[in-house]
$ cat entry_12.txt   # compact mmCIF, N, CA and C atoms
# COMPACT_ATOMS: atom_id res chain seq x y z
N MET A 1128 9.67 -60.18 -63.75
CA MET A 1128 9.80 -60.50 -62.38
C MET A 1128 9.33 -59.31 -61.55
N LYS A 1129 8.58 -59.61 -60.56
CA LYS A 1129 8.00 -58.58 -59.71
C LYS A 1129 8.83 -58.47 -58.45
N LEU A 1130 9.29 -57.23 -58.16
CA LEU A 1130 10.07 -57.00 -56.95
C LEU A 1130 9.13 -56.52 -55.85
N SER A 1131 9.32 -57.05 -54.72
CA SER A 1131 8.48 -56.60 -53.60
C SER A 1131 9.24 -55.55 -52.78
N ARG A 1132 8.47 -54.69 -52.27
CA ARG A 1132 9.09 -53.63 -51.45
C ARG A 1132 9.60 -54.24 -50.16
N SER A 1133 10.68 -53.66 -49.68
CA SER A 1133 11.25 -54.18 -48.45
C SER A 1133 10.43 -53.76 -47.24
N ARG A 1134 9.79 -52.61 -47.36
CA ARG A 1134 8.94 -52.16 -46.25
C ARG A 1134 7.50 -52.13 -46.70
N ALA A 1135 6.67 -52.51 -45.80
CA ALA A 1135 5.26 -52.46 -46.10
C ALA A 1135 4.78 -51.02 -45.94
N VAL A 1136 3.83 -50.62 -46.73
CA VAL A 1136 3.30 -49.26 -46.66
C VAL A 1136 2.40 -49.17 -45.44
N LYS A 1137 2.76 -48.23 -44.58
CA LYS A 1137 1.95 -48.03 -43.38
C LYS A 1137 1.24 -46.71 -43.51
N ARG A 1138 0.03 -46.70 -43.09
CA ARG A 1138 -0.73 -45.46 -43.08
C ARG A 1138 -0.40 -44.71 -41.79
N GLY A 1139 -0.32 -43.38 -41.89
CA GLY A 1139 -0.05 -42.56 -40.71
C GLY A 1139 -1.23 -42.59 -39.74
N ARG A 1140 -0.91 -42.55 -38.46
CA ARG A 1140 -1.95 -42.55 -37.44
C ARG A 1140 -1.77 -41.33 -36.55
N ILE A 1141 -2.84 -40.81 -36.10
CA ILE A 1141 -2.79 -39.70 -35.14
C ILE A 1141 -2.94 -40.32 -33.76
N GLU A 1142 -1.89 -40.16 -32.97
CA GLU A 1142 -1.92 -40.69 -31.62
C GLU A 1142 -2.65 -39.69 -30.73
N ILE A 1143 -3.72 -40.09 -30.11
CA ILE A 1143 -4.57 -39.20 -29.34
C ILE A 1143 -4.07 -39.02 -27.90
N ILE A 1144 -3.40 -39.98 -27.31
CA ILE A 1144 -2.99 -39.90 -25.91
C ILE A 1144 -1.94 -38.81 -25.70
N PRO A 1145 -0.89 -38.69 -26.50
CA PRO A 1145 0.03 -37.57 -26.31
C PRO A 1145 -0.64 -36.21 -26.51
N MET A 1146 -1.61 -36.15 -27.40
CA MET A 1146 -2.32 -34.88 -27.62
C MET A 1146 -3.13 -34.51 -26.38
N ILE A 1147 -3.72 -35.49 -25.72
CA ILE A 1147 -4.48 -35.22 -24.50
C ILE A 1147 -3.53 -34.73 -23.40
N ASP A 1148 -2.35 -35.34 -23.30
CA ASP A 1148 -1.37 -34.90 -22.30
C ASP A 1148 -0.96 -33.45 -22.53
N VAL A 1149 -0.72 -33.09 -23.76
CA VAL A 1149 -0.33 -31.71 -24.08
C VAL A 1149 -1.47 -30.75 -23.75
N MET A 1150 -2.69 -31.13 -24.05
CA MET A 1150 -3.84 -30.25 -23.79
C MET A 1150 -4.03 -30.04 -22.28
N PHE A 1151 -3.87 -31.09 -21.48
CA PHE A 1151 -3.97 -30.93 -20.02
C PHE A 1151 -2.84 -30.06 -19.48
N PHE A 1152 -1.65 -30.20 -20.02
CA PHE A 1152 -0.53 -29.35 -19.61
C PHE A 1152 -0.83 -27.88 -19.92
N LEU A 1153 -1.33 -27.60 -21.11
CA LEU A 1153 -1.67 -26.22 -21.47
C LEU A 1153 -2.80 -25.68 -20.60
N LEU A 1154 -3.80 -26.49 -20.31
CA LEU A 1154 -4.90 -26.07 -19.46
C LEU A 1154 -4.40 -25.70 -18.06
N ALA A 1155 -3.57 -26.55 -17.48
CA ALA A 1155 -3.03 -26.27 -16.15
C ALA A 1155 -2.17 -25.01 -16.16
N THR A 1156 -1.37 -24.82 -17.20
CA THR A 1156 -0.52 -23.64 -17.30
C THR A 1156 -1.35 -22.37 -17.37
N PHE A 1157 -2.36 -22.35 -18.19
CA PHE A 1157 -3.20 -21.16 -18.32
C PHE A 1157 -4.01 -20.90 -17.06
N MET A 1158 -4.44 -21.95 -16.36
CA MET A 1158 -5.17 -21.74 -15.11
C MET A 1158 -4.27 -21.11 -14.06
N LEU A 1159 -3.04 -21.61 -13.93
CA LEU A 1159 -2.12 -21.03 -12.95
C LEU A 1159 -1.73 -19.61 -13.33
N ALA A 1160 -1.56 -19.36 -14.61
CA ALA A 1160 -1.21 -18.00 -15.04
C ALA A 1160 -2.34 -17.03 -14.76
N SER A 1161 -3.58 -17.44 -14.98
CA SER A 1161 -4.70 -16.54 -14.73
C SER A 1161 -4.89 -16.29 -13.23
N LEU A 1162 -4.59 -17.29 -12.40
CA LEU A 1162 -4.69 -17.08 -10.96
C LEU A 1162 -3.64 -16.10 -10.45
N SER A 1163 -2.46 -16.14 -11.04
CA SER A 1163 -1.41 -15.22 -10.59
C SER A 1163 -1.67 -13.80 -11.06
N MET A 1164 -2.54 -13.59 -12.02
CA MET A 1164 -2.85 -12.24 -12.50
C MET A 1164 -3.91 -11.55 -11.66
N GLN A 1165 -4.61 -12.28 -10.82
CA GLN A 1165 -5.66 -11.68 -10.01
C GLN A 1165 -5.07 -10.91 -8.86
N ARG A 1166 -5.72 -9.79 -8.52
CA ARG A 1166 -5.32 -9.02 -7.35
C ARG A 1166 -6.13 -9.52 -6.17
N LEU A 1167 -5.46 -9.88 -5.14
CA LEU A 1167 -6.13 -10.39 -3.95
C LEU A 1167 -5.94 -9.38 -2.82
N ASP A 1168 -6.77 -8.35 -2.83
CA ASP A 1168 -6.64 -7.28 -1.84
C ASP A 1168 -7.08 -7.72 -0.45
N ALA A 1169 -7.87 -8.76 -0.36
CA ALA A 1169 -8.39 -9.17 0.94
C ALA A 1169 -7.43 -10.08 1.69
N VAL A 1170 -6.31 -10.39 1.09
CA VAL A 1170 -5.36 -11.28 1.73
C VAL A 1170 -4.43 -10.47 2.62
N LYS A 1171 -4.20 -10.97 3.83
CA LYS A 1171 -3.28 -10.31 4.74
C LYS A 1171 -1.86 -10.55 4.25
N LEU A 1172 -1.11 -9.49 4.09
CA LEU A 1172 0.25 -9.58 3.57
C LEU A 1172 1.26 -9.24 4.65
N GLU A 1173 2.40 -9.83 4.54
CA GLU A 1173 3.51 -9.43 5.39
C GLU A 1173 4.44 -8.60 4.51
N LEU A 1174 4.43 -7.31 4.72
CA LEU A 1174 5.20 -6.41 3.88
C LEU A 1174 6.69 -6.54 4.19
N PRO A 1175 7.51 -6.27 3.20
CA PRO A 1175 8.95 -6.38 3.43
C PRO A 1175 9.45 -5.31 4.38
N LYS A 1176 10.50 -5.64 5.09
CA LYS A 1176 11.11 -4.70 6.02
C LYS A 1176 12.10 -3.84 5.25
N GLY A 1177 12.31 -2.64 5.71
CA GLY A 1177 13.27 -1.77 5.04
C GLY A 1177 13.44 -0.49 5.80
N THR A 1178 14.33 0.30 5.32
CA THR A 1178 14.57 1.60 5.92
C THR A 1178 14.31 2.67 4.89
N ALA A 1179 13.92 3.80 5.36
CA ALA A 1179 13.66 4.93 4.47
C ALA A 1179 14.61 6.06 4.83
N GLN A 1180 14.73 6.99 3.93
CA GLN A 1180 15.55 8.14 4.20
C GLN A 1180 14.97 8.88 5.39
N PRO A 1181 15.79 9.30 6.32
CA PRO A 1181 15.25 10.06 7.45
C PRO A 1181 14.71 11.41 6.97
N LEU A 1182 13.78 11.93 7.75
CA LEU A 1182 13.25 13.24 7.41
C LEU A 1182 14.36 14.27 7.49
N GLN A 1183 14.09 15.43 6.98
CA GLN A 1183 15.11 16.47 6.97
C GLN A 1183 15.60 16.73 8.39
N ALA A 1184 16.76 17.35 8.48
CA ALA A 1184 17.34 17.62 9.78
C ALA A 1184 16.41 18.48 10.62
N ARG A 1185 15.66 19.33 9.98
CA ARG A 1185 14.69 20.16 10.68
C ARG A 1185 13.49 19.30 11.04
N GLN A 1186 13.11 19.35 12.28
CA GLN A 1186 11.95 18.58 12.72
C GLN A 1186 10.69 19.15 12.09
N PRO A 1187 9.84 18.31 11.54
CA PRO A 1187 8.58 18.82 10.99
C PRO A 1187 7.63 19.25 12.11
N LEU A 1188 6.69 20.06 11.74
CA LEU A 1188 5.69 20.53 12.69
C LEU A 1188 4.82 19.36 13.13
N THR A 1189 4.52 19.28 14.42
CA THR A 1189 3.74 18.16 14.94
C THR A 1189 2.42 18.67 15.51
N LEU A 1190 1.35 18.05 15.06
CA LEU A 1190 0.01 18.33 15.58
C LEU A 1190 -0.39 17.12 16.42
N SER A 1191 -0.63 17.34 17.71
CA SER A 1191 -1.00 16.25 18.61
C SER A 1191 -2.45 16.43 19.04
N VAL A 1192 -3.17 15.32 19.09
CA VAL A 1192 -4.56 15.32 19.56
C VAL A 1192 -4.63 14.31 20.69
N THR A 1193 -4.99 14.77 21.89
CA THR A 1193 -5.03 13.89 23.05
C THR A 1193 -6.39 13.20 23.14
N ARG A 1194 -6.45 12.21 24.00
CA ARG A 1194 -7.72 11.47 24.13
C ARG A 1194 -8.83 12.31 24.75
N ASP A 1195 -8.46 13.37 25.50
CA ASP A 1195 -9.50 14.24 26.07
C ASP A 1195 -9.85 15.41 25.14
N GLY A 1196 -9.29 15.42 23.92
CA GLY A 1196 -9.70 16.41 22.92
C GLY A 1196 -8.85 17.67 22.87
N ARG A 1197 -7.72 17.68 23.55
CA ARG A 1197 -6.86 18.87 23.48
C ARG A 1197 -6.02 18.80 22.22
N LEU A 1198 -5.75 19.99 21.63
CA LEU A 1198 -4.91 20.09 20.45
C LEU A 1198 -3.61 20.77 20.85
N LEU A 1199 -2.49 20.22 20.37
CA LEU A 1199 -1.19 20.80 20.66
C LEU A 1199 -0.40 20.89 19.36
N VAL A 1200 0.24 22.03 19.14
CA VAL A 1200 1.14 22.20 18.01
C VAL A 1200 2.53 22.36 18.60
N ASP A 1201 3.37 21.39 18.33
CA ASP A 1201 4.71 21.35 18.93
C ASP A 1201 4.66 21.57 20.44
N ARG A 1202 3.80 20.84 21.12
CA ARG A 1202 3.65 20.82 22.59
C ARG A 1202 3.08 22.11 23.17
N GLN A 1203 2.52 22.95 22.34
CA GLN A 1203 1.86 24.16 22.84
C GLN A 1203 0.37 24.05 22.54
N THR A 1204 -0.44 24.21 23.56
CA THR A 1204 -1.88 24.06 23.42
C THR A 1204 -2.43 25.15 22.50
N VAL A 1205 -3.35 24.74 21.64
CA VAL A 1205 -3.98 25.66 20.70
C VAL A 1205 -5.45 25.24 20.55
N THR A 1206 -6.31 26.19 20.25
CA THR A 1206 -7.73 25.86 20.03
C THR A 1206 -7.94 25.54 18.56
N LEU A 1207 -9.06 24.92 18.28
CA LEU A 1207 -9.39 24.57 16.89
C LEU A 1207 -9.53 25.81 16.03
N ASP A 1208 -10.05 26.91 16.61
CA ASP A 1208 -10.22 28.15 15.85
C ASP A 1208 -8.88 28.79 15.50
N ARG A 1209 -7.89 28.67 16.34
CA ARG A 1209 -6.58 29.29 16.14
C ARG A 1209 -5.59 28.36 15.41
N LEU A 1210 -6.00 27.14 15.13
CA LEU A 1210 -5.08 26.14 14.58
C LEU A 1210 -4.55 26.55 13.20
N ALA A 1211 -5.40 27.03 12.32
CA ALA A 1211 -4.96 27.41 10.97
C ALA A 1211 -3.92 28.52 11.02
N ALA A 1212 -4.13 29.52 11.89
CA ALA A 1212 -3.18 30.63 11.99
C ALA A 1212 -1.86 30.17 12.59
N THR A 1213 -1.92 29.29 13.58
CA THR A 1213 -0.71 28.79 14.21
C THR A 1213 0.11 27.96 13.23
N VAL A 1214 -0.55 27.11 12.48
CA VAL A 1214 0.15 26.28 11.49
C VAL A 1214 0.74 27.16 10.40
N ALA A 1215 0.01 28.18 9.97
CA ALA A 1215 0.52 29.07 8.92
C ALA A 1215 1.80 29.78 9.36
N GLN A 1216 1.91 30.12 10.62
CA GLN A 1216 3.11 30.80 11.13
C GLN A 1216 4.30 29.85 11.23
N ARG A 1217 4.06 28.58 11.54
CA ARG A 1217 5.16 27.69 11.89
C ARG A 1217 5.47 26.60 10.88
N ILE A 1218 4.66 26.46 9.83
CA ILE A 1218 4.87 25.38 8.87
C ILE A 1218 6.13 25.66 8.05
N GLY A 1219 6.85 24.61 7.71
CA GLY A 1219 8.06 24.75 6.92
C GLY A 1219 7.74 24.86 5.43
N PRO A 1220 8.76 25.05 4.61
CA PRO A 1220 8.54 25.20 3.17
C PRO A 1220 8.07 23.91 2.51
N ASP A 1221 8.35 22.77 3.13
CA ASP A 1221 7.93 21.50 2.54
C ASP A 1221 6.45 21.22 2.79
N GLY A 1222 5.86 21.85 3.78
CA GLY A 1222 4.43 21.67 4.06
C GLY A 1222 4.10 20.38 4.78
N ASN A 1223 5.11 19.71 5.37
CA ASN A 1223 4.86 18.46 6.09
C ASN A 1223 4.35 18.74 7.50
N LEU A 1224 3.36 17.98 7.90
CA LEU A 1224 2.80 18.09 9.25
C LEU A 1224 2.63 16.68 9.78
N VAL A 1225 3.23 16.40 10.92
CA VAL A 1225 3.10 15.09 11.55
C VAL A 1225 1.87 15.13 12.44
N VAL A 1226 0.94 14.20 12.23
CA VAL A 1226 -0.27 14.11 13.04
C VAL A 1226 -0.08 12.95 14.02
N ALA A 1227 -0.03 13.30 15.30
CA ALA A 1227 0.12 12.30 16.36
C ALA A 1227 -1.16 12.33 17.19
N ALA A 1228 -2.06 11.44 16.87
CA ALA A 1228 -3.35 11.39 17.56
C ALA A 1228 -3.40 10.17 18.46
N ASP A 1229 -3.91 10.36 19.66
CA ASP A 1229 -4.09 9.25 20.58
C ASP A 1229 -5.07 8.25 19.97
N ALA A 1230 -4.89 6.98 20.28
CA ALA A 1230 -5.77 5.94 19.73
C ALA A 1230 -7.21 6.14 20.17
N LEU A 1231 -7.42 6.78 21.31
CA LEU A 1231 -8.79 6.99 21.81
C LEU A 1231 -9.27 8.42 21.56
N ALA A 1232 -8.55 9.19 20.78
CA ALA A 1232 -8.97 10.56 20.46
C ALA A 1232 -10.20 10.51 19.56
N PRO A 1233 -11.11 11.47 19.71
CA PRO A 1233 -12.29 11.49 18.85
C PRO A 1233 -11.89 11.67 17.37
N ASN A 1234 -12.35 10.76 16.53
CA ASN A 1234 -11.99 10.81 15.11
C ASN A 1234 -12.45 12.09 14.44
N GLY A 1235 -13.61 12.56 14.80
CA GLY A 1235 -14.13 13.79 14.20
C GLY A 1235 -13.23 14.97 14.49
N LEU A 1236 -12.70 15.03 15.70
CA LEU A 1236 -11.80 16.12 16.06
C LEU A 1236 -10.49 16.04 15.29
N VAL A 1237 -9.98 14.83 15.10
CA VAL A 1237 -8.74 14.65 14.34
C VAL A 1237 -8.94 15.13 12.90
N VAL A 1238 -10.05 14.77 12.31
CA VAL A 1238 -10.33 15.19 10.93
C VAL A 1238 -10.49 16.70 10.85
N GLN A 1239 -11.22 17.28 11.78
CA GLN A 1239 -11.39 18.74 11.79
C GLN A 1239 -10.05 19.45 11.96
N ALA A 1240 -9.20 18.92 12.82
CA ALA A 1240 -7.88 19.52 13.02
C ALA A 1240 -7.04 19.42 11.76
N MET A 1241 -7.11 18.31 11.06
CA MET A 1241 -6.36 18.16 9.81
C MET A 1241 -6.87 19.12 8.74
N LEU A 1242 -8.19 19.31 8.68
CA LEU A 1242 -8.75 20.27 7.72
C LEU A 1242 -8.31 21.69 8.03
N ARG A 1243 -8.30 22.06 9.30
CA ARG A 1243 -7.85 23.40 9.69
C ARG A 1243 -6.36 23.57 9.39
N ALA A 1244 -5.58 22.52 9.63
CA ALA A 1244 -4.14 22.59 9.34
C ALA A 1244 -3.91 22.74 7.84
N ARG A 1245 -4.74 22.11 7.04
CA ARG A 1245 -4.61 22.27 5.58
C ARG A 1245 -4.90 23.71 5.18
N GLU A 1246 -5.88 24.34 5.85
CA GLU A 1246 -6.15 25.75 5.59
C GLU A 1246 -4.93 26.61 5.94
N GLY A 1247 -4.15 26.17 6.92
CA GLY A 1247 -2.97 26.91 7.36
C GLY A 1247 -1.74 26.64 6.50
N GLY A 1248 -1.84 25.78 5.50
CA GLY A 1248 -0.72 25.56 4.59
C GLY A 1248 -0.09 24.19 4.65
N ALA A 1249 -0.62 23.29 5.45
CA ALA A 1249 -0.07 21.94 5.49
C ALA A 1249 -0.47 21.20 4.22
N GLY A 1250 0.52 20.75 3.48
CA GLY A 1250 0.23 20.07 2.22
C GLY A 1250 0.31 18.56 2.33
N HIS A 1251 1.18 18.07 3.22
CA HIS A 1251 1.39 16.64 3.37
C HIS A 1251 1.25 16.27 4.84
N PHE A 1252 0.46 15.24 5.10
CA PHE A 1252 0.26 14.78 6.47
C PHE A 1252 1.01 13.48 6.66
N LEU A 1253 1.81 13.42 7.69
CA LEU A 1253 2.51 12.21 8.08
C LEU A 1253 1.86 11.71 9.36
N ILE A 1254 1.38 10.49 9.36
CA ILE A 1254 0.67 9.94 10.50
C ILE A 1254 1.67 9.20 11.39
N ALA A 1255 1.75 9.60 12.66
CA ALA A 1255 2.66 8.97 13.60
C ALA A 1255 2.03 7.69 14.14
N VAL A 1256 2.78 6.61 14.11
CA VAL A 1256 2.32 5.32 14.66
C VAL A 1256 3.43 4.77 15.55
N GLN A 1257 3.04 3.88 16.43
CA GLN A 1257 4.01 3.22 17.30
C GLN A 1257 4.39 1.89 16.66
N ARG A 1258 5.68 1.59 16.62
CA ARG A 1258 6.13 0.34 16.03
C ARG A 1258 5.71 -0.83 16.87
N GLU A 1259 5.23 -1.85 16.19
CA GLU A 1259 4.89 -3.09 16.89
C GLU A 1259 6.15 -3.90 17.07
N ARG A 1260 6.31 -4.43 18.25
CA ARG A 1260 7.48 -5.27 18.53
C ARG A 1260 7.13 -6.72 18.17
N PRO A 1261 8.01 -7.38 17.43
CA PRO A 1261 7.71 -8.78 17.05
C PRO A 1261 7.81 -9.73 18.21
$ encode --input "entry_12.txt" --output "structure tokens"
Amino acid sequence: MKLSRSRAVKRGRIEIIPMIDVMFFLLATFMLASLSMQRLDAVKLELPKGTAQPLQARQPLTLSVTRDGRLLVDRQTVTLDRLAATVAQRIGPDGNLVVAADALAPNGLVVQAMLRAREGGAGHFLIAVQRERP
């Protein structure tokens, strides 16, 4: 007597549609991951707000450049030739110098003044800006 199997033998099949779904999911994931790895320097950013430690109790030396080309070190007028000597006498041990230049001051003069101040011992330049009101 011949016994028949209760289940018919089925051949395995590879279902292609779920494989296509998985491949599209992986493609989209890798595309988004590669986009997030790019640096977009040309994009305008809104930087986070925060506070920084205040400068030391001692006021740093301030170099001011007016729009008419006058140079002032802590509100005392100085010439470009005497700037290095004046900064050398008054610079603090930290070497910080605040540069407060008028928006319409000649750029070349500001750069020359910073170079002379560096000759006088200024190691770090802090640029003074006016806060924008939202």
$ atom_distance --input "entry_12.txt" --atom1 "atom C of A:Ile1147" --atom2 "atom N of A:Ser1161"
19.2 Å
$ residues_near_point --input "entry_12.txt" --point "(-3.1, 12.1, 10.8)" --cutoff "6.5 Å" --atoms "only N, CA and C atoms" --output "PyMOL selection string"
chain A and resi 1225-1228+1252-1255
$ atom_distance --input "entry_12.txt" --atom1 "atom CA of A:Met1150" --atom2 "atom N of A:Ser1163"
19.1 Å
$ atom_distance --input "entry_12.txt" --atom1 "atom CA of A:Ile1143" --atom2 "atom CA of A:Leu1162"
28.8 Å
$ select_by_dssp --input "entry_12.txt" --residues "stretch 1142-1258 of chain A" --states "strand (DSSP E)" --output "mmCIF file with N, CA and C atoms, in the frame of the given file"
data_model
loop_
_atom_site.group_PDB
_atom_site.id
_atom_site.type_symbol
_atom_site.label_atom_id
_atom_site.label_comp_id
_atom_site.auth_asym_id
_atom_site.auth_seq_id
_atom_site.Cartn_x
_atom_site.Cartn_y
_atom_site.Cartn_z
ATOM 1 N N LEU A 1188 6.690 20.060 11.740
ATOM 2 C CA LEU A 1188 5.690 20.530 12.690
ATOM 3 C C LEU A 1188 4.820 19.360 13.130
ATOM 4 N N THR A 1189 4.520 19.280 14.420
ATOM 5 C CA THR A 1189 3.740 18.160 14.940
ATOM 6 C C THR A 1189 2.420 18.670 15.510
ATOM 7 N N LEU A 1190 1.350 18.050 15.060
ATOM 8 C CA LEU A 1190 0.010 18.330 15.580
ATOM 9 C C LEU A 1190 -0.390 17.120 16.420
ATOM 10 N N SER A 1191 -0.630 17.340 17.710
ATOM 11 C CA SER A 1191 -1.000 16.250 18.610
ATOM 12 C C SER A 1191 -2.450 16.430 19.040
ATOM 13 N N VAL A 1192 -3.170 15.320 19.090
ATOM 14 C CA VAL A 1192 -4.560 15.320 19.560
ATOM 15 C C VAL A 1192 -4.630 14.310 20.690
ATOM 16 N N LEU A 1198 -5.750 19.990 21.630
ATOM 17 C CA LEU A 1198 -4.910 20.090 20.450
ATOM 18 C C LEU A 1198 -3.610 20.770 20.850
ATOM 19 N N LEU A 1199 -2.490 20.220 20.370
ATOM 20 C CA LEU A 1199 -1.190 20.800 20.660
ATOM 21 C C LEU A 1199 -0.400 20.890 19.360
ATOM 22 N N VAL A 1200 0.240 22.030 19.140
ATOM 23 C CA VAL A 1200 1.140 22.200 18.010
ATOM 24 C C VAL A 1200 2.530 22.360 18.600
ATOM 25 N N GLN A 1203 2.520 22.950 22.340
ATOM 26 C CA GLN A 1203 1.860 24.160 22.840
ATOM 27 C C GLN A 1203 0.370 24.050 22.540
ATOM 28 N N THR A 1204 -0.440 24.210 23.560
ATOM 29 C CA THR A 1204 -1.880 24.060 23.420
ATOM 30 C C THR A 1204 -2.430 25.150 22.500
ATOM 31 N N VAL A 1205 -3.350 24.740 21.640
ATOM 32 C CA VAL A 1205 -3.980 25.660 20.700
ATOM 33 C C VAL A 1205 -5.450 25.240 20.550
ATOM 34 N N ASN A 1223 5.110 19.710 5.370
ATOM 35 C CA ASN A 1223 4.860 18.460 6.090
ATOM 36 C C ASN A 1223 4.350 18.740 7.500
ATOM 37 N N LEU A 1224 3.360 17.980 7.900
ATOM 38 C CA LEU A 1224 2.800 18.090 9.250
ATOM 39 C C LEU A 1224 2.630 16.680 9.780
ATOM 40 N N VAL A 1225 3.230 16.400 10.920
ATOM 41 C CA VAL A 1225 3.100 15.090 11.550
ATOM 42 C C VAL A 1225 1.870 15.130 12.440
ATOM 43 N N VAL A 1226 0.940 14.200 12.230
ATOM 44 C CA VAL A 1226 -0.270 14.110 13.040
ATOM 45 C C VAL A 1226 -0.080 12.950 14.020
ATOM 46 N N ALA A 1227 -0.030 13.300 15.300
ATOM 47 C CA ALA A 1227 0.120 12.300 16.360
ATOM 48 C C ALA A 1227 -1.160 12.330 17.190
ATOM 49 N N ALA A 1228 -2.060 11.440 16.870
ATOM 50 C CA ALA A 1228 -3.350 11.390 17.560
ATOM 51 C C ALA A 1228 -3.400 10.170 18.460
ATOM 52 N N HIS A 1251 1.180 18.070 3.220
ATOM 53 C CA HIS A 1251 1.390 16.640 3.370
ATOM 54 C C HIS A 1251 1.250 16.270 4.840
ATOM 55 N N PHE A 1252 0.460 15.240 5.100
ATOM 56 C CA PHE A 1252 0.260 14.780 6.470
ATOM 57 C C PHE A 1252 1.010 13.480 6.660
ATOM 58 N N LEU A 1253 1.810 13.420 7.690
ATOM 59 C CA LEU A 1253 2.510 12.210 8.080
ATOM 60 C C LEU A 1253 1.860 11.710 9.360
ATOM 61 N N ILE A 1254 1.380 10.490 9.360
ATOM 62 C CA ILE A 1254 0.670 9.940 10.500
ATOM 63 C C ILE A 1254 1.670 9.200 11.390
#
$ residues_around --input "entry_12.txt" --residues "A:Arg1217" --least-positions-apart "4" --cutoff "7 Å" --atoms "all atoms listed in the file" --output "ChimeraX atom specification"
/A:1188,1212-1213
$ write_last_selection --input "entry_12.txt" --atoms "N, CA and C atoms" --output "CSV table (one decimal), keeping the file's coordinate frame"
chain,number,residue,atom,x,y,z
A,1188,LEU,N,6.7,20.1,11.7
A,1188,LEU,CA,5.7,20.5,12.7
A,1188,LEU,C,4.8,19.4,13.1
A,1212,ALA,N,-4.1,29.5,11.9
A,1212,ALA,CA,-3.2,30.6,12.0
A,1212,ALA,C,-1.9,30.2,12.6
A,1213,THR,N,-1.9,29.3,13.6
A,1213,THR,CA,-0.7,28.8,14.2
A,1213,THR,C,0.1,28.0,13.2
$ closest_residue --input "entry_12.txt" --among "A:Met1146, A:Met1164, A:Val1192, A:Gln1186" --to "A:Asp1229" --atoms "all atoms listed in the file"
A:Val1192
$ residues_near_point --input "entry_12.txt" --point "(-2.4, 21.2, 8.7)" --cutoff "5 Å" --atoms "all atoms listed in the file" --output "PDB file with N, CA and C atoms, in the coordinates of the input"
ATOM      1  N   MET A1241      -7.110  18.310  11.060  1.00  0.00           N
ATOM      2  CA  MET A1241      -6.360  18.160   9.810  1.00  0.00           C
ATOM      3  C   MET A1241      -6.870  19.120   8.740  1.00  0.00           C
ATOM      4  N   ARG A1243      -8.300  22.060   9.300  1.00  0.00           N
ATOM      5  CA  ARG A1243      -7.850  23.400   9.690  1.00  0.00           C
ATOM      6  C   ARG A1243      -6.360  23.570   9.390  1.00  0.00           C
ATOM      7  N   ALA A1244      -5.580  22.520   9.630  1.00  0.00           N
ATOM      8  CA  ALA A1244      -4.140  22.590   9.340  1.00  0.00           C
ATOM      9  C   ALA A1244      -3.910  22.740   7.840  1.00  0.00           C
ATOM     10  N   ARG A1245      -4.740  22.110   7.040  1.00  0.00           N
ATOM     11  CA  ARG A1245      -4.610  22.270   5.580  1.00  0.00           C
ATOM     12  C   ARG A1245      -4.900  23.710   5.180  1.00  0.00           C
ATOM     13  N   ALA A1249      -0.620  23.290   5.450  1.00  0.00           N
ATOM     14  CA  ALA A1249      -0.070  21.940   5.490  1.00  0.00           C
ATOM     15  C   ALA A1249      -0.470  21.200   4.220  1.00  0.00           C
TER      16      ALA A1249
END
$ closest_residue --input "entry_12.txt" --among "A:Thr1206, A:Ala1230, A:Ala1211, A:Asp1221" --to "A:Leu1242" --atoms "only N, CA and C atoms"
A:Ala1211
$ closest_residue --input "entry_12.txt" --among "A:Ala1232, A:Val1237, A:Ile1141, A:Leu1224" --to "A:His1251" --atoms "only N, CA and C atoms"
A:Leu1224
$ closest_residue --input "entry_12.txt" --among "A:Val1136, A:Leu1231, A:Val1238, A:Leu1207" --to "A:Asp1195" --atoms "only N, CA and C atoms"
A:Leu1231
